Structures are given as structure tokens and as C-alpha cells.
Amino acid sequence: MPTRTTGRYERTTIGGEAVAAFIPRALPPADPPLVMNAELSVRLRAAEQALIRLELAGEMVPSLDWFIYAFVRKEAVLSSQIEGTQATLVDLFTFEAQQDAVADNDAEAAPPPAADVEEVCNYLDALTYARSQLADARGLPLSMRLLNETHQRLMRGVRGAEKLPGEVRRSQNWIGGSRPDNALYVPPPPHALGEVLGAFETYMHASDTLHPIVRAGLLHVQFETIHPYLDGNGRIGRLLVTLLLDEWGVLTKPLLYLSLYFKRHRDDYYRRLNAVRIDGDWEGWLEFFLDGVATIAGEAVASARELFALVAQDRARVLASPKTSIGALRLFEHLLRHPIVTVASAMKLLETTKPTASKAVDVLVAAGVLAESTGKKRDRSFVYRAYLDRLKVGTELSSTPNP
Ligand SMILES: Nc1ncnc2c1ncn2[C@@H]1O[C@H](COP(=O)(O)OP(=O)(O)OP(=O)(O)O)[C@@H](O)[C@H]1O
Ligand SMILES: [Mg+2]
């Protein structure tokens, strides 16, 4: 590992306590420049291959939008869980079923989401917003302005209000530790943010011989090191990787849930971030990052295959079911985006009467696709359990290392 200096320290004070704030040098790594040694090249090839397979999985059939829809929800839940949000995939789909059950012009009639679910919904909204801006020729390009607007959507609502949604911080922050003087890391002082964020933006658009996956990895660390916001830096920094890979044509659908890898290897993740700053170890970070991309993309391809097989098999079961109906078949297709339904939400999804919706639900229950989950006589809720179980692998809260 070459040693290199990745920035300088500046003495400053937080609430009267003296600290050394770090001001990173502009990318790419220099003195010495990053060398894609044999070790890194092998990992890069593996990551690249895995992403190609994932991109193909997302393109197999045009009607596979449901698959992207489901995966995006998985990443939203995972990314919010890292932050400490307790919402699960089941909570999110349950909330969406309640939303489905009310008419579009009557959205206020639905109960508001619990704060945890709201954070996941905000993440979905932020991701959708950023992707649509980039896809629109008249939309914002990849820039701090786009990230700020995305951050504004992410932090919307009760918890984020005092965290300056959509705005770069104007005060000194610190990471880890109970007080500034025992902090693990003190990011750049506010007066330096203009300069370092300017350089960050320049590098996003610079032509560079490094591979786009490598550049995305460098930019993620640089963003976390700058820590431009009072909160939400982790979520925006993970979203940034998705946006960069899309912008650079490496993975054009948001199918990579890197949050799962950072969640599984949280200590390593933080250690690698620190090692870039302290030892200039960009190579070590990239080994970790490229392994993550390859692993998670590989798992996503496997999980896609399983889901496709399951859906094909269950569709056949519904077709073969003696009491099957058009309503039941149509409801089955809706389940791929709405794996939790009620009779009321099924009525809205199918735009039909209560008896028809009820019958469609009954057929799917009889075919063993749906199962009632509340055990109640009223306000019953039905779950496409086999599908949800496969989709939620890795999102169960028991596996969260968070306290
Ligand atoms: N020592 C460190 N050096 C640089 N960045 C760090 C360090 N430790 C943590 N980070 C970054 O800070 C992020 C947390 O920052 P912040 O709380 O602003 O983001 P968040 O989105 O609210 O939280 P989270 O990332 O936990 O979901 C981590 O995800 C990580 O990327
Ligand atoms: Mg936070």
C-alpha cells in the first residue's frame, strides 16, 4: 500500500473545544497516483461482470418493471435501516396497501405513515426525483444542486426539519465520540466547503482514465469525508453511487443494494473510510468497495432468478386453480408490486366491486398464493408470503448491527 497524503488539517473550535478538521485534497488520488495493480484489476473485472449480469437481468423482459419496483423498495428499507430507522419491508408494503385502499382524490383519508415508514418513503421519493432529473434532458445534471434538492426530499418531515433539508451545513460537525474533542473524525470547516465541493463536482464531470466503477467508489468516500450536510450524508452518499453508475451507463436501473454490504460489514466500512484519510489507503478502500459491488450484484442476480421462477410457478398455479377468474389473475400481477393487500386495496387496484375483489382474494388464498396475516375477522390483510420472504432476505431487523 503506497502511503500518500489525502488532505490537510486545520485547527478550529467547536463550542470552545479545540479540534483538527480535515480538508481533503481534490480527486483523483495523487502522489502517487492510483495504480490498478493485479489485485484491484481482478476485483474490478469481477465487479464489472456482475454488474453486466445484473443489468441483463433487469432487461430480460420489458414487463419486469415490478422487479425494479420491488428492488428499489428493498434498497430504500436497507438504506434507512443503516441510519437506525426501524421500518421493515412488511411495514412499507402494509402502509402502501393502506394508501392503495383510498381513492387518489382522498389521500388525506389514509392514516399518515409512522415516522420510520415516512423516512423510507422519503428515500423512495428522493431516489425517484434524482433519477427523473437525470433522465430528463431539461432536468438538473449531476451536481451539488441536484444532491441538495434530493437531500431536501430525503429529510422532509418531522425528524429532519432542524437538519437544514436541502442545504449544505453552515456549522462545524463531527463524527463518532460523545464530544468534539473525542470525535473519530472532524470533517472540513464550513468555510472550506465551497472549495472542496467545487472540486468534488469538477471531478464528477472530469474525463479520467479510471473505470467508472472505481470513480464511483472514490467519489463515495470523498462525499462522506466532506460530510456536507448536518444529517443524511450516508444515505445521499449511497444514492450517489446508484446515480453515478446510471449516469455513466454501467447499471441503468437502480438494482444494486450496496447498503446491504455496508450494513453487513459496518466496522470494515468505517475502518476503510478512516484509512483513506489517515493512511491515504485508496487501494484498500477500493478492494473493499469492488468486492462489495461484485458480491451484492451477484446476490441480486441470484435473487432475481429465484423471484422470476417463483412468480412463473405461482402464476401457473393461479391459472390452474379450478375457481380462477380474470380478477384473480389480474390481482396476481398486482401482487408483484403490492405483495400485501386488503379487500379494499384490491378493489382499488382492480377498479372493481367489493364482491369481485373479495372473490379474487379468495381464489388466490385457495391457490396457496395469498395467506391472511392478521387472524382477525375484520380489516383483514393478505400477504404473498413466499415472494416477500425471498425479497426481504437481508432486511430483517435482527441482522442489523445497529443498537
Ligand atoms: N470515520 C468516518 N469518516 C468518514 N465518513 C464516515 C466515517 N464514519 C461514518 N462515516 C459516514 O457517515 C455516514 C453517516 O452520516 P449521517 O448520519 O450524516 O448519514 P445518515 O444517512 O443519516 O446515516 P447512515 O449512513 O448511518 O444511514 C456513514 O454512512 C458513513 O458513510
Ligand atoms: Mg444520521
# chains A, B, ... in the order shown; residues from 1 in each chain; ligands from 1

$ closest_atom_pairs --of "chain A" --to "ligand 1" --cutoff "7 Å" --atoms "only C-alpha atoms and all ligand atoms" --output "tab-separated table"
residue	atom	partner	partner_atom_place_in_ligand_line	distance
A:Ser79	CA	ligand 1	27 (O)	5.9
A:Ser80	CA	ligand 1	27 (O)	5.8
A:Gln81	CA	ligand 1	27 (O)	6.9
A:Ile82	CA	ligand 1	27 (O)	4.4
A:Glu83	CA	ligand 1	27 (O)	3.2
A:Gly84	CA	ligand 1	26 (O)	6.8
A:Ile175	CA	ligand 1	8 (N)	6.2
A:Leu184	CA	ligand 1	1 (N)	5.9
A:Tyr185	CA	ligand 1	1 (N)	5.3
A:Glu224	CA	ligand 1	5 (N)	4.4
A:Thr225	CA	ligand 1	4 (C)	4.5
A:His227	CA	ligand 1	18 (O)	6.7
A:Tyr229	CA	ligand 1	18 (O)	6.4
A:Leu230	CA	ligand 1	18 (O)	6.0
A:Asp231	CA	ligand 1	18 (O)	3.6
A:Gly232	CA	ligand 1	21 (O)	3.3
A:Asn233	CA	ligand 1	18 (O)	3.7
A:Gly234	CA	ligand 1	25 (O)	3.1
A:Arg235	CA	ligand 1	21 (O)	3.8
A:Ile236	CA	ligand 1	21 (O)	6.5
A:Gly237	CA	ligand 1	31 (O)	6.7
A:Tyr270	CA	ligand 1	8 (N)	5.1
A:Leu273	CA	ligand 1	3 (N)	5.1
A:Asn274	CA	ligand 1	1 (N)	4.9

$ residues_around --residues "A:Arg159" --least-positions-apart "3" --cutoff "12 Å" --atoms "only C-alpha atoms" --output "PyMOL selection string"
chain A and resi 85+114-119+122+154-156+162-165+231-232

$ write_last_selection --atoms "C-alpha atoms" --output "tab-separated table (two decimals), in the first residue's frame"
chain	number	residue	atom	x	y	z
A	85	THR	CA	-34.88	3.50	11.10
A	114	ALA	CA	-45.33	6.25	11.05
A	115	ALA	CA	-42.14	8.33	11.23
A	116	ASP	CA	-39.99	5.31	10.34
A	117	VAL	CA	-42.06	4.47	7.28
A	118	GLU	CA	-42.04	8.12	6.31
A	119	GLU	CA	-38.24	8.02	6.17
A	122	ASN	CA	-38.77	9.93	1.61
A	154	LEU	CA	-34.95	12.83	1.92
A	155	MET	CA	-35.15	14.99	5.05
A	156	ARG	CA	-38.71	16.17	4.58
A	162	GLU	CA	-33.94	21.18	12.03
A	163	LYS	CA	-31.31	19.40	9.91
A	164	LEU	CA	-31.31	22.04	7.13
A	165	PRO	CA	-33.01	19.93	4.41
A	231	ASP	CA	-27.53	14.62	8.59
A	232	GLY	CA	-28.33	12.22	5.76

$ closest_residue --among "A:Gly176, A:Leu124, A:Phe67, A:Ala26" --to "ligand 2" --atoms "only C-alpha atoms and all ligand atoms"
A:Gly176

$ closest_residue --among "A:Arg385, A:Lys376, A:Lys392, A:His338" --to "A:Tyr69" --atoms "only C-alpha atoms"
A:His338

$ residues_around --residues "A:Thr342" --least-positions-apart "6" --cutoff "10 Å" --atoms "only C-alpha atoms" --output "ChimeraX atom specification"
/A:94,97-98,100-101,348,357-358,361,372,379-383

$ atom_distance --atom1 "atom CA of A:Phe288" --atom2 "atom CA of A:Leu256"
15.7 Å

$ closest_residue --among "A:Arg131, A:Val343, A:Arg138, A:Gly160" --to "ligand 2" --atoms "only C-alpha atoms and all ligand atoms"
A:Gly160

$ closest_residue --among "A:Tyr387, A:Trp174, A:Phe308, A:Tyr257" --to "ligand 2" --atoms "only C-alpha atoms and all ligand atoms"
A:Trp174
